[in-house]
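The structure under discussion appears below in the form of structure tokens.
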Amino acid sequence: MTLHTRHAAAARPAREARRLIRARAHKRPLRLRLMAAADAALYVAMFAGLVTGAAQAGLEQSGRFLPLIRPEIVPLVRWVAVIAIVLLLITMVKLLLTFGPVLVRSPVQAWLLTSPIDRRSLLLRVYLLLLCMGTAGGVAIGVVAVIAAQLPAAGSVPWLMCTGFAGTAAVSITVLVQQRPKAIRRTQLLLSGALIGCAGAVVLVLLLAPGTRPSASVPLGADATWWALASTLTICVVTVWVAGRALGRLTRAALASGRDIAEATAVATTFLEPTILWSLLLLRRMRGIGRVRSATLSGRRVTALIRADIARLRRNRAAVALWLCLLPVPYLATAVLPAMLVPAVHLVAAFLVTTRLANGLRVVFGSAALRRAIGGRDRVLLLAHLVVPAAGTLLWGLATSPAIPSMRILATAISIVGAVLVTYRIATRPPIEYVSPMLDMGFGGVPIGLIIQLSRGPALLILLCWAQMSLG
């Protein structure tokens with residue numbers, strides 16, 4: 001039982017507690033504070049320089065690529081850009097719900113339970129930070145869409161404002177959903193269905209080929225622009241106000257729902273070991289399924305393992321949804337991108353399909369204890385757990401093979417076989433050894449051994465993409 005209702009009348013604002021803590025805290029000398037500020041400014045400058053350089057390189061590459069788009073397919077590209085904005089916003093909402101989004105550390109949770117502090121004022125800073133991040137994410141999505149749609153600079157500002165307001169509203173909606181933990185799973189399922197709907201909309205756009213008639217073009221006039229701006233601004237203001245008022249109703253369970261995922265993400269990023277995060281996500285997904293009907297796996301060892309992998313896939317609806325969502329990607333690439341890039345896009349999409357279908361391979365080869373419990377040779381286990389990913393990739397590759405403009409059979413074979421090989425190398429990668437020789441490049445030491453270990457799989461994917469582009 002929390003103290004929120006018992007001490008509602010005596011609740012004090014959080015700023016008073018922060019002021020008291022700052023007054024009683026030991027103040028560091030000015031010299032140490034200036035050194036810490038200088039270090040922080042150095043890292044911020046380095047990050048800003050990297051982001052600026054990446055943005056300049058991206059604009060230069062887009063400037064080379066955009067003239068290659070034929071004028072007759074610009075309306076089609078604009079429709080796809082609109083669908084891509086919706087798809088990316090839905091993906092952002094799903095990620096926010098995975099992490100919380102309102103996430104506080106254990107000391108703040110203790111303050112929520114053991115002190116008569118107003119909960120809304122205590123969580124207000126986190127909420128405002130999330131709103132800023134949502135706005136920045138929405139603007140970034142809008143920048144990519146504006147560049148792809150070839151909008152003029154003067155007319156793109158209102159649309160960037162629309163996507164920024166949409167990102168802010170998305171954050172507010174996730175905060176409202178977070179109040180009821182039972183509603184998060186239903187919302188995730190609805191969002192997965194919306195992603196499949198976006199993929200279907202892309203297929204519909206490719207079939208109808210909008211832009212051949214004036215009525216099928218994306219409305220970019222002044223009336224449509226201001227109507228969209230007013231609508232998104234109204235939704236943003238209402239959702240921000242309602243979610244801000246509802247911060248006081250967030251319980252400790254709701255605030256700690258994504259703490260394990262956040263900690264696993266930080267550890268996986270620090271140690272460059274994504275399997276830590278994959279294992280936790282798999283455990284959460286299995287907990288979300290709850291009870292399942294047990295069944296006896298009869299037959300030979302290989303047959304039983306394949307049936308178990310099929311059952312694992314049947315319970316992993318996200319993999320099936322991604323399989324469906326990636327079907328129109330090669331066809332869209334054929335309509336928009338130059339012909340030489342289409343086979344490489346086909347290969348990358350096939351790899352994404354394969355890696356989502358290979359959960360069984362990652363689970364088995366990530367646990368030596370599980371392999372000993374199953375028994376048999378590792379090669380037999382490998383072949384048994386490659387059947388489902390290879391079959392799913394084969395079906396996907398055959399369904400998308402007509403999108404490849406030239407040397408279709410060879411390019412499709414490279415995509416299917418290459419995707420399975422890259423997934424195998426990533427899934428069977430041994431644990432990372434952090435003791436590796438350093439190579440002095442003049443600007444600092446480079447852990448060459450660590451880079452070689454991390455490149456197991458991605459290096460093969462890059463090499464195969466280069467081969468596919470040479471075929472195109």
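Simple scheme: letters A, B, ... for chains in structure tokens order, numbers from 1 for residues in each chain, numbers from 1 for ligands in the order shown.
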
Item to check | Residue contacts of Leu87 of chain A (12 Å, only C-alpha atoms) excluding same-chain residues fewer than 6 positions away, as number ranges by chain | outcome: A: 80-81, 93-94, 138, 141, 145, 191-202, 325

Item to check | Gap from atom CA of Val329 of chain A to atom CA of Val388 of chain A - Å, one decimal | outcome: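 For atom CA of Val329 of chain A relative to atom CA of Val388 of chain A, the distance reads 21.8 Å.
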
Next on the checklist: With DSSP run on the backbone, what are the alpha helix (DSSP H) residues within segment 330-445 of chain A? I'd like them as a VMD selection string.
Outcome noted: chain A and resid 330 to 336 342 to 357 359 to 365 368 to 374 378 to 400 408 to 427

Item to check | Minimum-distance residue to Leu255 of chain A, chosen among A:Leu332, A:Ala349, A:Leu123, A:Ala304 (using only C-alpha atoms) | outcome: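 Ranked by minimum distance to Leu255 of chain A, first place goes to A:Leu123.
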
Next on the checklist: For segment 374-378 of chain A, find every residue with an atom within 9 Å (counting only C-alpha atoms), except residues of its own chain fewer than 5 positions away, and show them as a ChimeraX atom specification.
Outcome noted: /A:301,365,369,383

Take the residues from that selection and put them in a file with all heavy atoms, as a short mmCIF file (atom, residue, chain, number, x, y, z; two decimals), in the first residue's frame.
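Contents of again.cif, freshly written:
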data_model
loop_
_atom_site.label_atom_id
_atom_site.label_comp_id
_atom_site.auth_asym_id
_atom_site.auth_seq_id
_atom_site.Cartn_x
_atom_site.Cartn_y
_atom_site.Cartn_z
N ARG A 301 15.10 -37.77 -32.63
CA ARG A 301 15.59 -36.55 -32.00
C ARG A 301 15.46 -35.34 -32.93
O ARG A 301 14.98 -34.28 -32.53
CB ARG A 301 17.04 -36.74 -31.58
CG ARG A 301 17.60 -35.57 -30.77
CD ARG A 301 19.11 -35.68 -30.64
NE ARG A 301 19.49 -36.99 -30.12
CZ ARG A 301 19.58 -37.26 -28.82
NH1 ARG A 301 19.33 -36.31 -27.93
NH2 ARG A 301 19.94 -38.47 -28.42
N PHE A 365 22.27 -22.67 -28.88
CA PHE A 365 23.71 -22.47 -28.94
C PHE A 365 24.21 -21.39 -27.99
O PHE A 365 25.41 -21.18 -27.88
CB PHE A 365 24.13 -22.15 -30.38
CG PHE A 365 24.28 -23.37 -31.22
CD1 PHE A 365 23.19 -23.93 -31.84
CD2 PHE A 365 25.51 -23.97 -31.37
CE1 PHE A 365 23.32 -25.06 -32.61
CE2 PHE A 365 25.65 -25.11 -32.14
CZ PHE A 365 24.55 -25.67 -32.76
N ALA A 369 24.58 -25.80 -21.20
CA ALA A 369 23.83 -26.71 -20.34
C ALA A 369 22.61 -27.27 -21.07
O ALA A 369 22.28 -28.46 -20.93
CB ALA A 369 23.39 -25.99 -19.07
N LEU A 383 21.84 -28.46 -37.50
CA LEU A 383 21.02 -28.72 -38.69
C LEU A 383 19.53 -28.74 -38.35
O LEU A 383 18.71 -28.26 -39.13
CB LEU A 383 21.44 -30.05 -39.31
CG LEU A 383 22.87 -30.10 -39.90
CD1 LEU A 383 23.18 -31.50 -40.41
CD2 LEU A 383 23.02 -29.07 -41.00
#

Checklist entry - Any idea what's packed within 9 Å of Gly142 of chain A, counting only C-alpha atoms, ignoring anything in its chain fewer than 6 positions away? Could you give it as an MDAnalysis selection string? => result chainID A and resid 85 156 159:164

Export of prior selection with C-alpha atoms as a PDB file, in the first residue's frame:
ATOM      1  CA  ILE A  85       6.129   8.192 -40.857  1.00  0.00           C
ATOM      2  CA  SER A 156       8.805  21.386 -45.203  1.00  0.00           C
ATOM      3  CA  TRP A 159       5.378  19.115 -41.861  1.00  0.00           C
ATOM      4  CA  LEU A 160       8.397  18.873 -39.556  1.00  0.00           C
ATOM      5  CA  MET A 161       6.320  20.597 -36.885  1.00  0.00           C
ATOM      6  CA  CYS A 162       3.554  18.037 -37.471  1.00  0.00           C
ATOM      7  CA  THR A 163       5.890  15.100 -36.984  1.00  0.00           C
ATOM      8  CA  GLY A 164       7.380  16.746 -33.895  1.00  0.00           C
TER       9      GLY A 164
END

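Nearest to Leu322 of chain A of all the residues A:Ala230, A:Ala350, A:Met35, A:Ala339 is A:Ala350, based on only C-alpha atoms.
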